[in-house]
file work-v7.pdb (PDB, C-alpha atoms)
ATOM      1  CA  MET A  21     -59.704  -6.497 107.972  1.00  0.00           C
ATOM      2  CA  ALA A  22     -59.739  -2.655 107.881  1.00  0.00           C
ATOM      3  CA  GLU A  23     -61.537  -2.601 111.249  1.00  0.00           C
ATOM      4  CA  ASN A  24     -58.520  -4.287 112.906  1.00  0.00           C
ATOM      5  CA  PHE A  25     -55.940  -1.968 111.357  1.00  0.00           C
ATOM      6  CA  SER A  26     -54.324  -0.347 114.423  1.00  0.00           C
ATOM      7  CA  LYS A  27     -50.725   0.452 113.469  1.00  0.00           C
ATOM      8  CA  PHE A  28     -48.338   0.636 110.536  1.00  0.00           C
ATOM      9  CA  THR A  29     -44.638   1.241 109.899  1.00  0.00           C
ATOM     10  CA  LEU A  30     -43.183   3.967 107.708  1.00  0.00           C
ATOM     11  CA  ASN A  31     -40.425   2.388 105.618  1.00  0.00           C
ATOM     12  CA  HIS A  32     -38.641   5.697 105.123  1.00  0.00           C
ATOM     13  CA  ASN A  33     -37.726   6.115 108.813  1.00  0.00           C
ATOM     14  CA  ASN A  34     -38.704   2.682 110.115  1.00  0.00           C
ATOM     15  CA  LEU A  35     -41.102   4.587 112.350  1.00  0.00           C
ATOM     16  CA  SER A  36     -44.035   2.737 113.901  1.00  0.00           C
ATOM     17  CA  VAL A  37     -47.291   4.713 113.964  1.00  0.00           C
ATOM     18  CA  LYS A  38     -50.149   3.673 116.229  1.00  0.00           C
ATOM     19  CA  ILE A  39     -53.709   4.651 115.321  1.00  0.00           C
ATOM     20  CA  LYS A  40     -55.523   5.923 118.415  1.00  0.00           C
ATOM     21  CA  ASN A  41     -58.927   6.651 116.940  1.00  0.00           C
ATOM     22  CA  LYS A  42     -60.716   6.164 113.645  1.00  0.00           C
ATOM     23  CA  THR A  43     -64.227   6.837 112.426  1.00  0.00           C
ATOM     24  CA  LEU A  44     -65.980   5.400 109.405  1.00  0.00           C
ATOM     25  CA  HIS A  45     -68.876   7.301 107.829  1.00  0.00           C
ATOM     26  CA  ASN A  46     -71.002   5.577 105.212  1.00  0.00           C
ATOM     27  CA  ILE A  47     -73.350   7.337 102.832  1.00  0.00           C
ATOM     28  CA  SER A  48     -75.181   5.712  99.949  1.00  0.00           C
ATOM     29  CA  LYS A  49     -74.892   7.176  96.481  1.00  0.00           C
ATOM     30  CA  LYS A  50     -78.608   8.035  96.593  1.00  0.00           C
ATOM     31  CA  GLU A  51     -78.251   9.863  99.932  1.00  0.00           C
ATOM     32  CA  PHE A  52     -75.192  11.700  98.615  1.00  0.00           C
ATOM     33  CA  LEU A  53     -76.939  12.851  95.422  1.00  0.00           C
ATOM     34  CA  ASP A  54     -80.165  13.739  97.268  1.00  0.00           C
ATOM     35  CA  LYS A  55     -78.213  15.909  99.679  1.00  0.00           C
ATOM     36  CA  TYR A  56     -75.936  17.744  97.241  1.00  0.00           C
ATOM     37  CA  PHE A  57     -77.294  17.485  93.705  1.00  0.00           C
ATOM     38  CA  PHE A  58     -81.045  17.516  94.231  1.00  0.00           C
ATOM     39  CA  GLY A  59     -80.991  20.038  97.090  1.00  0.00           C
ATOM     40  CA  GLU A  60     -80.471  23.758  96.723  1.00  0.00           C
ATOM     41  CA  SER A  61     -76.758  24.391  97.110  1.00  0.00           C
ATOM     42  CA  GLN A  62     -75.105  27.733  97.783  1.00  0.00           C
ATOM     43  CA  ARG A  63     -73.268  29.740  95.113  1.00  0.00           C
ATOM     44  CA  TYR A  64     -70.174  30.098  97.297  1.00  0.00           C
ATOM     45  CA  ILE A  65     -68.006  27.055  97.958  1.00  0.00           C
ATOM     46  CA  LYS A  66     -65.115  27.362 100.404  1.00  0.00           C
ATOM     47  CA  VAL A  67     -62.449  24.746  99.731  1.00  0.00           C
ATOM     48  CA  GLN A  68     -59.689  24.032 102.243  1.00  0.00           C
ATOM     49  CA  PHE A  69     -56.656  22.228 100.819  1.00  0.00           C
ATOM     50  CA  GLN A  70     -55.592  20.336 103.934  1.00  0.00           C
ATOM     51  CA  THR A  71     -52.600  18.523 102.451  1.00  0.00           C
ATOM     52  CA  PRO A  72     -50.225  19.661  99.704  1.00  0.00           C
ATOM     53  CA  THR A  73     -52.083  19.779  96.398  1.00  0.00           C
ATOM     54  CA  ALA A  74     -50.796  19.920  92.829  1.00  0.00           C
ATOM     55  CA  PHE A  75     -51.886  19.097  89.311  1.00  0.00           C
ATOM     56  CA  LYS A  76     -50.039  17.965  86.236  1.00  0.00           C
ATOM     57  CA  SER A  77     -50.779  19.661  82.938  1.00  0.00           C
ATOM     58  CA  GLN A  78     -48.837  19.389  79.689  1.00  0.00           C
ATOM     59  CA  GLY A  79     -46.071  17.500  81.483  1.00  0.00           C
ATOM     60  CA  ARG A  80     -45.519  20.183  84.136  1.00  0.00           C
ATOM     61  CA  TYR A  81     -46.550  20.528  87.755  1.00  0.00           C
ATOM     62  CA  VAL A  82     -49.147  23.210  88.449  1.00  0.00           C
ATOM     63  CA  PHE A  83     -49.063  24.264  92.092  1.00  0.00           C
ATOM     64  CA  TYR A  84     -51.822  26.829  92.275  1.00  0.00           C
ATOM     65  CA  PRO A  85     -55.598  26.333  92.099  1.00  0.00           C
ATOM     66  CA  ASP A  86     -56.869  26.356  88.525  1.00  0.00           C
ATOM     67  CA  LEU A  87     -60.620  25.835  88.190  1.00  0.00           C
ATOM     68  CA  TYR A  88     -60.311  23.804  84.999  1.00  0.00           C
ATOM     69  CA  LEU A  89     -57.807  21.437  86.632  1.00  0.00           C
ATOM     70  CA  ILE A  90     -59.824  21.192  89.868  1.00  0.00           C
ATOM     71  CA  TYR A  91     -63.126  20.394  88.135  1.00  0.00           C
ATOM     72  CA  ASN A  92     -61.443  18.066  85.625  1.00  0.00           C
ATOM     73  CA  SER A  93     -59.716  16.118  88.406  1.00  0.00           C
ATOM     74  CA  LEU A  94     -62.910  15.757  90.439  1.00  0.00           C
ATOM     75  CA  MET A  95     -64.998  14.689  87.450  1.00  0.00           C
ATOM     76  CA  ASN A  96     -62.383  12.089  86.487  1.00  0.00           C
ATOM     77  CA  LYS A  97     -62.198  10.731  90.041  1.00  0.00           C
ATOM     78  CA  TYR A  98     -65.996  10.516  90.263  1.00  0.00           C
ATOM     79  CA  ASP A  99     -66.170   8.654  86.949  1.00  0.00           C
ATOM     80  CA  GLU A 100     -63.450   6.238  88.090  1.00  0.00           C
ATOM     81  CA  SER A 101     -65.481   5.427  91.198  1.00  0.00           C
ATOM     82  CA  SER A 102     -68.703   4.760  89.318  1.00  0.00           C
ATOM     83  CA  VAL A 103     -69.345   1.666  87.257  1.00  0.00           C
ATOM     84  CA  SER A 104     -72.726   2.679  85.863  1.00  0.00           C
ATOM     85  CA  GLU A 105     -72.436   6.364  84.950  1.00  0.00           C
ATOM     86  CA  SER A 106     -70.121   9.028  83.664  1.00  0.00           C
ATOM     87  CA  LEU A 107     -70.326  12.713  84.571  1.00  0.00           C
ATOM     88  CA  LYS A 108     -67.500  14.003  82.473  1.00  0.00           C
ATOM     89  CA  SER A 109     -68.104  15.900  79.285  1.00  0.00           C
ATOM     90  CA  GLU A 110     -65.986  18.691  77.835  1.00  0.00           C
ATOM     91  CA  GLU A 111     -69.124  20.843  77.434  1.00  0.00           C
ATOM     92  CA  LEU A 112     -70.037  20.526  81.114  1.00  0.00           C
ATOM     93  CA  LEU A 113     -66.445  21.132  82.172  1.00  0.00           C
ATOM     94  CA  ASP A 114     -66.305  24.268  80.002  1.00  0.00           C
ATOM     95  CA  GLU A 115     -69.603  25.525  81.489  1.00  0.00           C
ATOM     96  CA  LEU A 116     -68.354  24.999  85.043  1.00  0.00           C
ATOM     97  CA  VAL A 117     -65.177  26.949  84.310  1.00  0.00           C
ATOM     98  CA  LYS A 118     -67.063  29.679  82.427  1.00  0.00           C
ATOM     99  CA  TYR A 119     -69.537  30.268  85.265  1.00  0.00           C
ATOM    100  CA  SER A 120     -67.106  29.909  88.192  1.00  0.00           C
ATOM    101  CA  GLU A 121     -64.562  32.270  89.638  1.00  0.00           C
ATOM    102  CA  ILE A 122     -62.215  32.295  92.613  1.00  0.00           C
ATOM    103  CA  VAL A 123     -63.357  35.266  94.705  1.00  0.00           C
ATOM    104  CA  ASN A 124     -61.128  34.789  97.750  1.00  0.00           C
ATOM    105  CA  TYR A 125     -57.966  32.872  98.556  1.00  0.00           C
ATOM    106  CA  ASN A 126     -55.423  32.293 101.299  1.00  0.00           C
ATOM    107  CA  LEU A 127     -52.691  30.069  99.860  1.00  0.00           C
ATOM    108  CA  ARG A 128     -49.061  29.218 100.421  1.00  0.00           C
ATOM    109  CA  SER A 129     -46.631  27.215  98.382  1.00  0.00           C
ATOM    110  CA  THR A 130     -45.095  24.074  99.798  1.00  0.00           C
ATOM    111  CA  SER A 131     -43.764  20.772  98.542  1.00  0.00           C
ATOM    112  CA  TYR A 132     -44.572  17.098  98.966  1.00  0.00           C
ATOM    113  CA  SER A 133     -41.691  14.661  99.276  1.00  0.00           C
ATOM    114  CA  ILE A 134     -41.815  11.272  97.628  1.00  0.00           C
ATOM    115  CA  GLY A 135     -38.501   9.584  98.265  1.00  0.00           C
ATOM    116  CA  LYS A 136     -35.860  12.075  97.175  1.00  0.00           C
ATOM    117  CA  ALA A 137     -38.222  13.933  94.833  1.00  0.00           C
ATOM    118  CA  LYS A 138     -40.060  17.053  95.956  1.00  0.00           C
ATOM    119  CA  ILE A 139     -43.292  17.898  94.179  1.00  0.00           C
ATOM    120  CA  PRO A 140     -44.163  21.618  94.227  1.00  0.00           C
ATOM    121  CA  ALA A 141     -47.614  22.084  95.746  1.00  0.00           C
ATOM    122  CA  PHE A 142     -49.893  24.454  97.663  1.00  0.00           C
ATOM    123  CA  THR A 143     -52.088  24.419 100.764  1.00  0.00           C
ATOM    124  CA  GLY A 144     -54.633  26.891 102.104  1.00  0.00           C
ATOM    125  CA  SER A 145     -58.133  27.833 101.015  1.00  0.00           C
ATOM    126  CA  ILE A 146     -60.119  29.334  98.178  1.00  0.00           C
ATOM    127  CA  THR A 147     -63.700  30.483  97.823  1.00  0.00           C
ATOM    128  CA  ILE A 148     -65.376  29.732  94.515  1.00  0.00           C
ATOM    129  CA  LYS A 149     -68.469  31.603  93.346  1.00  0.00           C
ATOM    130  CA  VAL A 150     -70.573  29.627  90.881  1.00  0.00           C
ATOM    131  CA  ASN A 151     -72.878  31.722  88.710  1.00  0.00           C
ATOM    132  CA  GLY A 152     -75.421  30.357  86.280  1.00  0.00           C
ATOM    133  CA  PRO A 153     -78.431  28.100  86.810  1.00  0.00           C
ATOM    134  CA  GLN A 154     -79.110  26.279  90.065  1.00  0.00           C
ATOM    135  CA  THR A 155     -78.450  22.918  88.384  1.00  0.00           C
ATOM    136  CA  LEU A 156     -74.881  23.986  87.590  1.00  0.00           C
ATOM    137  CA  ILE A 157     -74.409  25.287  91.147  1.00  0.00           C
ATOM    138  CA  ASN A 158     -75.677  21.961  92.529  1.00  0.00           C
ATOM    139  CA  PHE A 159     -73.388  20.007  90.216  1.00  0.00           C
ATOM    140  CA  ALA A 160     -70.333  22.045  91.289  1.00  0.00           C
ATOM    141  CA  ASN A 161     -71.200  21.467  94.953  1.00  0.00           C
ATOM    142  CA  THR A 162     -71.755  17.748  94.344  1.00  0.00           C
ATOM    143  CA  ILE A 163     -68.339  17.128  92.812  1.00  0.00           C
ATOM    144  CA  MET A 164     -66.635  19.352  95.404  1.00  0.00           C
ATOM    145  CA  GLN A 165     -68.270  17.357  98.207  1.00  0.00           C
ATOM    146  CA  PHE A 166     -67.184  14.155  96.459  1.00  0.00           C
ATOM    147  CA  GLY A 167     -63.646  15.570  96.595  1.00  0.00           C
ATOM    148  CA  GLU A 168     -63.714  15.164 100.379  1.00  0.00           C
ATOM    149  CA  TYR A 169     -63.765  11.408  99.724  1.00  0.00           C
ATOM    150  CA  SER A 170     -61.495  11.241  96.671  1.00  0.00           C
ATOM    151  CA  GLY A 171     -59.054  14.097  97.069  1.00  0.00           C
ATOM    152  CA  VAL A 172     -58.162  16.386  94.172  1.00  0.00           C
ATOM    153  CA  GLY A 173     -55.174  16.566  91.886  1.00  0.00           C
ATOM    154  CA  ILE A 174     -52.223  14.209  91.620  1.00  0.00           C
ATOM    155  CA  LYS A 175     -51.032  11.579  94.100  1.00  0.00           C
ATOM    156  CA  SER A 176     -54.242  11.709  96.176  1.00  0.00           C
ATOM    157  CA  ALA A 177     -53.830   7.995  96.980  1.00  0.00           C
ATOM    158  CA  MET A 178     -50.501   8.939  98.607  1.00  0.00           C
ATOM    159  CA  GLY A 179     -51.974  11.703 100.779  1.00  0.00           C
ATOM    160  CA  MET A 180     -51.886  14.725  98.498  1.00  0.00           C
ATOM    161  CA  GLY A 181     -54.982  16.769  97.658  1.00  0.00           C
ATOM    162  CA  LYS A 182     -57.106  16.209 100.776  1.00  0.00           C
ATOM    163  CA  ILE A 183     -59.843  18.826 100.783  1.00  0.00           C
ATOM    164  CA  LYS A 184     -62.556  19.940 103.187  1.00  0.00           C
ATOM    165  CA  ILE A 185     -65.630  21.848 102.034  1.00  0.00           C
ATOM    166  CA  ASN A 186     -67.146  24.416 104.398  1.00  0.00           C
TER     167      ASN A 186
END
call {"tool": "encode", "arguments": {"input": "work-v7.pdb", "output": "structure tokens"}}
result
Amino acid sequence: MAENFSKFTLNHNNLSVKIKNKTLHNISKKEFLDKYFFGESQRYIKVQFQTPTAFKSQGRYVFYPDLYLIYNSLMNKYDESSVSESLKSEELLDELVKYSEIVNYNLRSTSYSIGKAKIPAFTGSITIKVNGPQTLINFANTIMQFGEYSGVGIKSAMGMGKIKIN
């Protein structure tokens, strides 16, 4: 069914959108983990936020990159996609935050419209440096790479939080 999907209509404007080209890339879980977790990843991770990104914390929107919220979101999304394992633990999350820092950024604020509501958000890029043991560096890279598939933050199923890792 998904292979035949060639156009759709946006209800908001009754606009018909035709899909000209699409590519599907498959990677097994084993290949994914072999490449990112069991390899030797780099300490620096450049994250491009390609669509408006935001988080929700304590009932409020957070529209700037916060390492705790980024890692927490990615770990939750990974766990939701896996039936047999769970990555999330508060200890691991705390270690990731403790040994990571944003060392470079180029961000701008924006908003994402859903109906009449506008969600405050950001786009741009950050560079994260992960200190600590190689296993922690590999884990950070693994969940960041997974974020290319899942998105990060709120409303990723609606197009928010698309990231690209360089």
call {"tool": "atom_distance", "arguments": {"input": "work-v7.pdb", "atom1": "CA of Tyr56 (chain A)", "atom2": "CA of Thr162 (chain A)"}}
result
5.1 Å
call {"tool": "resolve_selection", "arguments": {"input": "work-v7.pdb", "expression": "the PyMOL selection byres ((chain A and resi 83) around 10)", "output": "list in words"}}
result
Pro72, Thr73, Ala74, Phe75, Lys76, Arg80, Tyr81, Val82, Tyr84, Pro85, Asp86, Arg128, Ser129, Thr130, Ser131, Ile139, Pro140, Ala141, Phe142, Thr143 and Gly173 of chain A
call {"tool": "closest_residue", "arguments": {"input": "work-v7.pdb", "among": "A:Ala160, A:Met178, A:Leu107, A:Val172", "to": "Phe58 (chain A)", "atoms": "all atoms listed in the file"}}
result
A:Ala160
call {"tool": "closest_residue", "arguments": {"input": "work-v7.pdb", "among": "A:Lys118, A:Lys108, A:Lys49, A:Lys38", "to": "Gly152 (chain A)", "atoms": "all atoms listed in the file"}}
result
A:Lys118
call {"tool": "resolve_selection", "arguments": {"input": "work-v7.pdb", "expression": "the PyMOL selection byres ((chain A and resi 183) around 9)", "output": "list in words"}}
result
Val67, Gln68, Phe69, Gln70, Thr71, Thr73, Met164, Gln165, Gly167, Glu168, Tyr169, Ser170, Gly171, Val172, Gly181, Lys182, Lys184 and Ile185 of chain A
call {"tool": "closest_residue", "arguments": {"input": "work-v7.pdb", "among": "A:Ile122, A:Leu87, A:Val150, A:Met95", "to": "Glu110 (chain A)", "atoms": "all atoms listed in the file"}}
result
A:Met95
call {"tool": "closest_residue", "arguments": {"input": "work-v7.pdb", "among": "A:Ile163, A:Ile157, A:Ile39, A:Ile146", "to": "Asn92 (chain A)", "atoms": "all atoms listed in the file"}}
result
A:Ile163
call {"tool": "atom_distance", "arguments": {"input": "work-v7.pdb", "atom1": "CA of Asn126 (chain A)", "atom2": "CA of Asn158 (chain A)"}}
result
24.4 Å
call {"tool": "atom_distance", "arguments": {"input": "work-v7.pdb", "atom1": "CA of Ser101 (chain A)", "atom2": "CA of Phe166 (chain A)"}}
result
10.3 Å
call {"tool": "resolve_selection", "arguments": {"input": "work-v7.pdb", "expression": "the PyMOL selection byres ((chain A and resi 37) around 6)", "output": "PyMOL selection string"}}
result
chain A and resi 27-29+36+38
call {"tool": "closest_residue", "arguments": {"input": "work-v7.pdb", "among": "A:Lys138, A:Lys66, A:Lys40, A:Lys97", "to": "Tyr125 (chain A)", "atoms": "only C-alpha atoms"}}
result
A:Lys66
call {"tool": "closest_residue", "arguments": {"input": "work-v7.pdb", "among": "A:Phe52, A:Tyr132, A:Tyr91, A:Tyr98", "to": "Ser120 (chain A)", "atoms": "all atoms listed in the file"}}
result
A:Tyr91
